[in-house]
Amino acid sequence: MYVAGVGMTKVDRHYDKGFQELVYLAVKNLLNDVKEYSPQAIVVGNMMSSSLYQQDSLAAVVTDAVGLRGKGGFKVEAACGSGGHAIAAGYALIASGLYDQVLVVGVEKMSDYPTSVVTLALAQASDFEHEAIYGASFAALNALAMRLYMHKYEAKREDLALWPVRMHEHGSQNPYAQLRNRITVEDVMKSAVIADPIRLMDSAPIGDGAAAVLLTSEDVVRKLTDTPIQVAGVGLGSDGLDLASREDLLKPISIVVASEKAYKMAGIEPKQIDVAEIHDAFTITALLSIEGMGFASFGEAWKLIREGRFVAGDKPSLNLSGGLKARGHPVGATGVYQVAEVVMQLRGDFPGVKISKAEIGAAMNTGGVATLTSIIILKR
């Protein structure tokens, strides 16, 4: 199983573009990346087309947008993890032998609505009956995890501010990124409180975007590209939807289980990964992702970041795109962006911060508070 080509749009507040326009632009960029193009099916990663835009049948919207009317397709929803799960679904369609070319598209529109409306829609990634209905926003639930993390592991608030500073540094060099300004620890500490201790600068911005990945079987990939990237491992995991029922809020079993499955399938260990894009919708999400994937012991990620680990050239180098924090987080599309970015890192043609001679990469995408997780391992 291989990635033959990728395409992305810049993440931004695209007030002048709808679903079709965003998808068209992403696939147009993908067409510059492949010699031929004849997908037999389409998988769409999206979270909020129904809740915000009252638009279902999104696969039909996408097939029309890219001139593939008549091809089969469906939408995959796993909250903010929809994009990564869409990649997994596309992988399964090819691995089963049903198709040998599948187009996976992630697309999301959020900017047309006030923050309060988007926040309510995002809260549907939580246990709505037992959490959101009582006013617990998605940010508030993550704030519970962040406060517990700081208390249990004695992490200072200033130490945790280092992650978004680094993400903005990376994002400043990524032409696809929504936020391209550099920030300081002081900027993070003085930014508005969203849900204490989470501040504005700990949080991914609201934005729109689309990304596309063409998955193919081994039999046809060489006809499409001279730089195929292998999909070597796929892992999925889940956790309790409501935080109150979890065994340990700081040990996300969805990430641990998905990682173990993907590593075993790819025949690798975490220390072999050169570059990864991980989910950092909030600063705490980055810490849980790093530890859940085995890049740090539990409670140690913040110390390693403070020591300068995970920068470009380290192993692994993390979120060279700027991550969700700076590249942006068009929620249902994010996992597809991550796979596209890792593919470009492995090929050596990512347009922002990049490393040389990367052989193994990973894309880690999660929905909810690490509730539904996908891990995609890619090899050059």
# chains A, B, ... in the order shown; residues from 1 in each chain; ligands from 1
$ select_by_dssp --residues "segment 79-251 of chain A" --states "alpha helix (DSSP H)" --output "ChimeraX atom specification"
/A:82-95,115-122,138-153,157-160,162-171,185-190,218-224
$ residues_around --residues "Ala60 of chain A" --least-positions-apart "5" --cutoff "10 Å" --atoms "only C-alpha atoms" --output "short mmCIF file (atom, residue, chain, number, x, y, z; two decimals) with C-alpha atoms, in the first residue's frame"
data_model
loop_
_atom_site.label_atom_id
_atom_site.label_comp_id
_atom_site.auth_asym_id
_atom_site.auth_seq_id
_atom_site.Cartn_x
_atom_site.Cartn_y
_atom_site.Cartn_z
CA ILE A 42 -13.48 8.48 -2.57
CA VAL A 44 -14.07 11.93 2.91
CA ALA A 65 -16.14 18.99 -7.09
CA LEU A 68 -15.52 12.03 -10.46
CA ARG A 69 -19.29 11.74 -10.54
CA GLY A 70 -20.24 8.09 -10.63
CA LYS A 71 -17.44 6.90 -8.36
CA GLY A 72 -18.38 5.35 -5.03
CA GLY A 73 -17.63 7.03 -1.78
CA PHE A 74 -18.57 7.78 1.80
CA LYS A 75 -17.85 10.14 4.67
#
$ residues_around --residues "segment 203-206 of chain A" --least-positions-apart "6" --cutoff "6 Å" --atoms "only C-alpha atoms" --output "JSON, numbers by chain"
{"A": [281, 282, 324, 325, 328]}
$ closest_atom_pairs --of "segment 82-197 of chain A" --to "segment 19-41 of chain A" --cutoff "6 Å" --atoms "only C-alpha atoms" --output "tab-separated table"
residue	atom	partner	partner_atom	distance
A:Gln101	CA	A:Pro39	CA	4.7
A:Val102	CA	A:Pro39	CA	5.1
A:Leu103	CA	A:Pro39	CA	5.8
$ atom_distance --atom1 "atom CA of Asp242 of chain A" --atom2 "atom CA of Ser49 of chain A"
23.6 Å
$ closest_atom_pairs --of "segment 122-235 of chain A" --to "segment 258-265 of chain A" --cutoff "7 Å" --atoms "only C-alpha atoms" --output "CSV"
residue,atom,partner,partner_atom,distance
A:Ala232,CA,A:Met265,CA,6.9
A:Gly233,CA,A:Ala262,CA,4.5
A:Val234,CA,A:Ala262,CA,4.6
A:Gly235,CA,A:Ala258,CA,4.3
$ write_last_selection --atoms "N, CA and C atoms" --output "PDB file, in the first residue's frame"
ATOM      1  N   ALA A 232       3.026   1.708   5.947  1.00  0.00           N
ATOM      2  CA  ALA A 232       3.574   0.492   6.546  1.00  0.00           C
ATOM      3  C   ALA A 232       2.802   0.013   7.758  1.00  0.00           C
ATOM      4  N   GLY A 233       2.061   0.897   8.394  1.00  0.00           N
ATOM      5  CA  GLY A 233       1.326   0.505   9.590  1.00  0.00           C
ATOM      6  C   GLY A 233       0.124   1.387   9.822  1.00  0.00           C
ATOM      7  N   VAL A 234      -0.956   0.779  10.273  1.00  0.00           N
ATOM      8  CA  VAL A 234      -2.186   1.504  10.600  1.00  0.00           C
ATOM      9  C   VAL A 234      -2.712   0.979  11.922  1.00  0.00           C
ATOM     10  N   GLY A 235      -2.984   1.876  12.855  1.00  0.00           N
ATOM     11  CA  GLY A 235      -3.544   1.465  14.139  1.00  0.00           C
ATOM     12  C   GLY A 235      -4.648   2.399  14.576  1.00  0.00           C
TER      13      GLY A 235
END
$ atom_distance --atom1 "atom CA of Leu98 of chain A" --atom2 "atom CA of Ser217 of chain A"
10.5 Å
$ select_by_dssp --residues "segment 176-258 of chain A" --states "strand (DSSP E or B)" --output "list in words"
Val193, Ile194, Ala195, Ile198, Arg199, Ser203, Asp208, Gly209, Ala210, Ala211, Ala212, Val213, Leu214, Leu215, Thr216, Ile229, Gln230, Val231, Ala232, Gly233, Val234, Gly235, Leu236, Gly237 and Ser238 of chain A
$ residues_around --residues "Val336 of chain A" --least-positions-apart "4" --cutoff "10 Å" --atoms "only C-alpha atoms" --output "MDAnalysis selection string"
chainID A and resid 6:8 44:45 81:87 104:107 210:213 332 340:341 363 365
$ write_last_selection --atoms "N, CA and C atoms" --output "mmCIF file, in the first residue's frame"
data_model
loop_
_atom_site.group_PDB
_atom_site.id
_atom_site.type_symbol
_atom_site.label_atom_id
_atom_site.label_comp_id
_atom_site.auth_asym_id
_atom_site.auth_seq_id
_atom_site.Cartn_x
_atom_site.Cartn_y
_atom_site.Cartn_z
ATOM 1 N N VAL A 6 -0.040 13.844 -3.008
ATOM 2 C CA VAL A 6 -0.754 14.608 -1.985
ATOM 3 C C VAL A 6 -1.016 16.017 -2.491
ATOM 4 N N GLY A 7 -2.006 16.665 -1.892
ATOM 5 C CA GLY A 7 -2.302 18.059 -2.207
ATOM 6 C C GLY A 7 -2.994 18.716 -1.028
ATOM 7 N N MET A 8 -2.729 19.999 -0.808
ATOM 8 C CA MET A 8 -3.315 20.722 0.313
ATOM 9 C C MET A 8 -3.691 22.134 -0.097
ATOM 10 N N VAL A 44 -14.111 10.546 2.439
ATOM 11 C CA VAL A 44 -14.067 11.930 2.905
ATOM 12 C C VAL A 44 -14.006 11.962 4.429
ATOM 13 N N GLY A 45 -13.006 12.625 4.968
ATOM 14 C CA GLY A 45 -12.927 12.866 6.405
ATOM 15 C C GLY A 45 -13.533 14.218 6.727
ATOM 16 N N GLY A 81 -10.660 13.455 14.823
ATOM 17 C CA GLY A 81 -9.842 12.391 14.257
ATOM 18 C C GLY A 81 -10.377 11.849 12.949
ATOM 19 N N SER A 82 -11.340 12.531 12.347
ATOM 20 C CA SER A 82 -11.986 12.015 11.135
ATOM 21 C C SER A 82 -11.008 11.806 9.984
ATOM 22 N N GLY A 83 -10.053 12.718 9.810
ATOM 23 C CA GLY A 83 -9.119 12.610 8.688
ATOM 24 C C GLY A 83 -8.255 11.374 8.747
ATOM 25 N N GLY A 84 -7.680 11.089 9.923
ATOM 26 C CA GLY A 84 -6.857 9.900 10.069
ATOM 27 C C GLY A 84 -7.653 8.626 9.891
ATOM 28 N N HIS A 85 -8.881 8.620 10.401
ATOM 29 C CA HIS A 85 -9.737 7.446 10.227
ATOM 30 C C HIS A 85 -10.142 7.278 8.762
ATOM 31 N N ALA A 86 -10.279 8.381 8.035
ATOM 32 C CA ALA A 86 -10.564 8.290 6.600
ATOM 33 C C ALA A 86 -9.390 7.655 5.858
ATOM 34 N N ILE A 87 -8.172 7.989 6.260
ATOM 35 C CA ILE A 87 -6.995 7.343 5.671
ATOM 36 C C ILE A 87 -7.035 5.838 5.945
ATOM 37 N N VAL A 104 -8.463 9.935 -0.828
ATOM 38 C CA VAL A 104 -8.915 10.318 0.514
ATOM 39 C C VAL A 104 -8.828 11.833 0.628
ATOM 40 N N VAL A 105 -9.939 12.446 0.968
ATOM 41 C CA VAL A 105 -10.016 13.901 1.095
ATOM 42 C C VAL A 105 -10.484 14.248 2.503
ATOM 43 N N GLY A 106 -9.812 15.198 3.127
ATOM 44 C CA GLY A 106 -10.303 15.764 4.375
ATOM 45 C C GLY A 106 -10.705 17.194 4.120
ATOM 46 N N VAL A 107 -11.881 17.582 4.596
ATOM 47 C CA VAL A 107 -12.334 18.952 4.356
ATOM 48 C C VAL A 107 -13.179 19.414 5.539
ATOM 49 N N ALA A 210 -8.710 21.984 3.152
ATOM 50 C CA ALA A 210 -8.894 20.663 2.549
ATOM 51 C C ALA A 210 -7.535 20.099 2.177
ATOM 52 N N ALA A 211 -7.400 18.795 2.336
ATOM 53 C CA ALA A 211 -6.180 18.082 1.942
ATOM 54 C C ALA A 211 -6.582 16.792 1.260
ATOM 55 N N ALA A 212 -5.744 16.330 0.346
ATOM 56 C CA ALA A 212 -6.058 15.130 -0.430
ATOM 57 C C ALA A 212 -4.843 14.213 -0.496
ATOM 58 N N VAL A 213 -5.095 12.916 -0.398
ATOM 59 C CA VAL A 213 -4.053 11.891 -0.482
ATOM 60 C C VAL A 213 -4.541 10.797 -1.417
ATOM 61 N N GLY A 332 -11.980 17.950 10.690
ATOM 62 C CA GLY A 332 -12.099 16.694 9.964
ATOM 63 C C GLY A 332 -11.048 16.476 8.907
ATOM 64 N N ALA A 340 -0.218 13.976 4.560
ATOM 65 C CA ALA A 340 0.395 14.677 3.421
ATOM 66 C C ALA A 340 1.719 15.309 3.825
ATOM 67 N N GLU A 341 1.757 15.923 5.003
ATOM 68 C CA GLU A 341 2.979 16.591 5.466
ATOM 69 C C GLU A 341 4.101 15.595 5.731
ATOM 70 N N ALA A 363 1.910 9.765 11.491
ATOM 71 C CA ALA A 363 0.854 10.766 11.615
ATOM 72 C C ALA A 363 -0.104 10.287 12.684
ATOM 73 N N ASN A 365 -3.516 11.279 14.828
ATOM 74 C CA ASN A 365 -4.694 12.125 14.790
ATOM 75 C C ASN A 365 -5.713 11.575 15.787
#
$ atom_distance --atom1 "atom CA of Thr334 of chain A" --atom2 "atom CA of Ile194 of chain A"
21.9 Å
$ residues_around --residues "segment 166-181 of chain A" --least-positions-apart "4" --cutoff "9 Å" --atoms "only C-alpha atoms" --output "list in words"
Met8, Thr9, Lys10, Val11, Asp12, Arg13, Leu162, Pro205, Gly207, Val311, Asn319, Leu320, Ser321, Gly322, Gly323, Leu324, Lys325, Ala326, Arg327, Gly328, His329, Phe350, Pro351, Gly352 and Val353 of chain A
$ residues_around --residues "Lys190 of chain A" --least-positions-apart "2" --cutoff "12 Å" --atoms "only C-alpha atoms" --output "ChimeraX atom specification"
/A:157-158,161,183-188,192-194,197-202
$ write_last_selection --atoms "N, CA and C atoms" --output "JSON list (two decimals), in the first residue's frame"
[["chain", "number", "residue", "atom", "x", "y", "z"],
["A", 157, "ARG", "N", 3.60, 26.37, 34.63],
["A", 157, "ARG", "CA", 2.84, 26.89, 33.49],
["A", 157, "ARG", "C", 3.77, 27.44, 32.42],
["A", 158, "GLU", "N", 4.87, 28.04, 32.81],
["A", 158, "GLU", "CA", 5.82, 28.59, 31.84],
["A", 158, "GLU", "C", 6.47, 27.49, 31.02],
["A", 161, "ALA", "N", 4.28, 26.47, 28.21],
["A", 161, "ALA", "CA", 4.14, 27.50, 27.18],
["A", 161, "ALA", "C", 5.19, 27.36, 26.07],
["A", 183, "ILE", "N", 5.74, 33.86, 18.37],
["A", 183, "ILE", "CA", 5.28, 34.32, 19.68],
["A", 183, "ILE", "C", 6.34, 33.98, 20.73],
["A", 184, "THR", "N", 6.16, 34.51, 21.92],
["A", 184, "THR", "CA", 7.07, 34.26, 23.04],
["A", 184, "THR", "C", 6.31, 33.59, 24.18],
["A", 185, "VAL", "N", 7.06, 33.11, 25.15],
["A", 185, "VAL", "CA", 6.44, 32.54, 26.34],
["A", 185, "VAL", "C", 5.57, 33.59, 27.03],
["A", 186, "GLU", "N", 6.04, 34.83, 27.05],
["A", 186, "GLU", "CA", 5.26, 35.91, 27.66],
["A", 186, "GLU", "C", 3.94, 36.11, 26.93],
["A", 187, "ASP", "N", 3.97, 35.99, 25.60],
["A", 187, "ASP", "CA", 2.73, 36.10, 24.83],
["A", 187, "ASP", "C", 1.73, 35.03, 25.24],
["A", 188, "VAL", "N", 2.21, 33.81, 25.41],
["A", 188, "VAL", "CA", 1.33, 32.72, 25.83],
["A", 188, "VAL", "C", 0.75, 33.00, 27.21],
["A", 192, "ALA", "N", -5.47, 35.53, 26.55],
["A", 192, "ALA", "CA", -6.75, 35.38, 27.26],
["A", 192, "ALA", "C", -6.95, 33.96, 27.76],
["A", 193, "VAL", "N", -7.54, 33.86, 28.94],
["A", 193, "VAL", "CA", -7.87, 32.55, 29.50],
["A", 193, "VAL", "C", -9.10, 32.00, 28.77],
["A", 194, "ILE", "N", -8.98, 30.78, 28.25],
["A", 194, "ILE", "CA", -10.09, 30.12, 27.58],
["A", 194, "ILE", "C", -10.82, 29.22, 28.56],
["A", 197, "PRO", "N", -6.35, 26.03, 33.11],
["A", 197, "PRO", "CA", -5.20, 26.87, 32.78],
["A", 197, "PRO", "C", -4.94, 27.04, 31.28],
["A", 198, "ILE", "N", -5.86, 26.62, 30.42],
["A", 198, "ILE", "CA", -5.67, 26.78, 28.98],
["A", 198, "ILE", "C", -5.93, 28.23, 28.59],
["A", 199, "ARG", "N", -4.97, 28.78, 27.84],
["A", 199, "ARG", "CA", -5.10, 30.14, 27.34],
["A", 199, "ARG", "C", -5.23, 30.13, 25.81],
["A", 200, "LEU", "N", -5.52, 31.28, 25.28],
["A", 200, "LEU", "CA", -5.74, 31.38, 23.84],
["A", 200, "LEU", "C", -4.57, 30.82, 23.05],
["A", 201, "MET", "N", -3.35, 31.12, 23.49],
["A", 201, "MET", "CA", -2.16, 30.69, 22.75],
["A", 201, "MET", "C", -1.82, 29.21, 22.97],
["A", 202, "ASP", "N", -2.60, 28.53, 23.80],
["A", 202, "ASP", "CA", -2.47, 27.07, 23.93],
["A", 202, "ASP", "C", -3.38, 26.35, 22.95]]
$ closest_residue --among "A:Thr285, A:Leu52, A:Gly18, A:Leu372" --to "Thr115 of chain A" --atoms "only C-alpha atoms"
A:Leu52
$ residues_around --residues "Ser50 of chain A" --least-positions-apart "6" --cutoff "12 Å" --atoms "only C-alpha atoms" --output "short mmCIF file (atom, residue, chain, number, x, y, z; two decimals) with C-alpha atoms, in the first residue's frame"
data_model
loop_
_atom_site.label_atom_id
_atom_site.label_comp_id
_atom_site.auth_asym_id
_atom_site.auth_seq_id
_atom_site.Cartn_x
_atom_site.Cartn_y
_atom_site.Cartn_z
CA ASP A 56 -24.86 15.26 4.44
CA SER A 57 -23.97 13.16 1.36
CA LEU A 58 -20.59 14.86 1.47
CA LYS A 75 -17.85 10.14 4.67
CA GLU A 77 -16.61 10.82 11.11
CA GLU A 108 -13.82 21.25 6.98
CA LYS A 109 -15.54 24.63 7.08
CA MET A 110 -15.90 26.46 10.40
CA ALA A 121 -20.50 21.85 17.55
CA GLN A 124 -20.34 16.98 20.26
#
$ decode --residues "segment 18-61 of chain A" --atoms "C-alpha atoms" --output "CSV table (one decimal), in the first residue's frame"
chain,number,residue,atom,x,y,z
A,18,GLY,CA,-17.3,26.4,0.3
A,19,PHE,CA,-16.6,22.7,0.5
A,20,GLN,CA,-16.4,22.2,-3.3
A,21,GLU,CA,-14.0,25.0,-3.8
A,22,LEU,CA,-11.6,23.9,-1.1
A,23,VAL,CA,-11.7,20.2,-2.2
A,24,TYR,CA,-11.1,21.3,-5.8
A,25,LEU,CA,-8.0,23.3,-4.9
A,26,ALA,CA,-6.6,20.5,-2.8
A,27,VAL,CA,-7.1,17.9,-5.6
A,28,LYS,CA,-5.7,20.4,-8.2
A,29,ASN,CA,-2.5,20.5,-6.2
A,30,LEU,CA,-2.5,16.7,-6.0
A,31,LEU,CA,-2.7,16.5,-9.7
A,32,ASN,CA,0.6,18.3,-10.0
A,33,ASP,CA,2.0,15.6,-7.8
A,34,VAL,CA,1.2,12.5,-9.9
A,35,LYS,CA,1.7,11.3,-13.5
A,36,GLU,CA,-1.8,9.8,-13.8
A,37,TYR,CA,-5.0,10.0,-11.8
A,38,SER,CA,-8.0,7.6,-11.9
A,39,PRO,CA,-9.3,6.9,-8.4
A,40,GLN,CA,-12.1,4.3,-8.2
A,41,ALA,CA,-13.5,5.5,-4.9
A,42,ILE,CA,-13.5,8.5,-2.6
A,43,VAL,CA,-13.3,8.6,1.2
A,44,VAL,CA,-14.1,11.9,2.9
A,45,GLY,CA,-12.9,12.9,6.4
A,46,ASN,CA,-15.2,15.5,8.0
A,47,MET,CA,-16.8,16.2,11.3
A,48,MET,CA,-19.2,19.1,11.1
A,49,SER,CA,-20.8,19.4,7.7
A,50,SER,CA,-24.1,18.1,9.2
A,51,SER,CA,-24.0,20.1,12.5
A,52,LEU,CA,-22.9,23.5,11.0
A,53,TYR,CA,-24.0,23.4,7.4
A,54,GLN,CA,-26.8,20.8,7.4
A,55,GLN,CA,-25.0,19.0,4.6
A,56,ASP,CA,-24.9,15.3,4.4
A,57,SER,CA,-24.0,13.2,1.4
A,58,LEU,CA,-20.6,14.9,1.5
A,59,ALA,CA,-19.0,12.2,-0.7
A,60,ALA,CA,-21.3,13.3,-3.5
A,61,VAL,CA,-20.3,16.9,-3.0
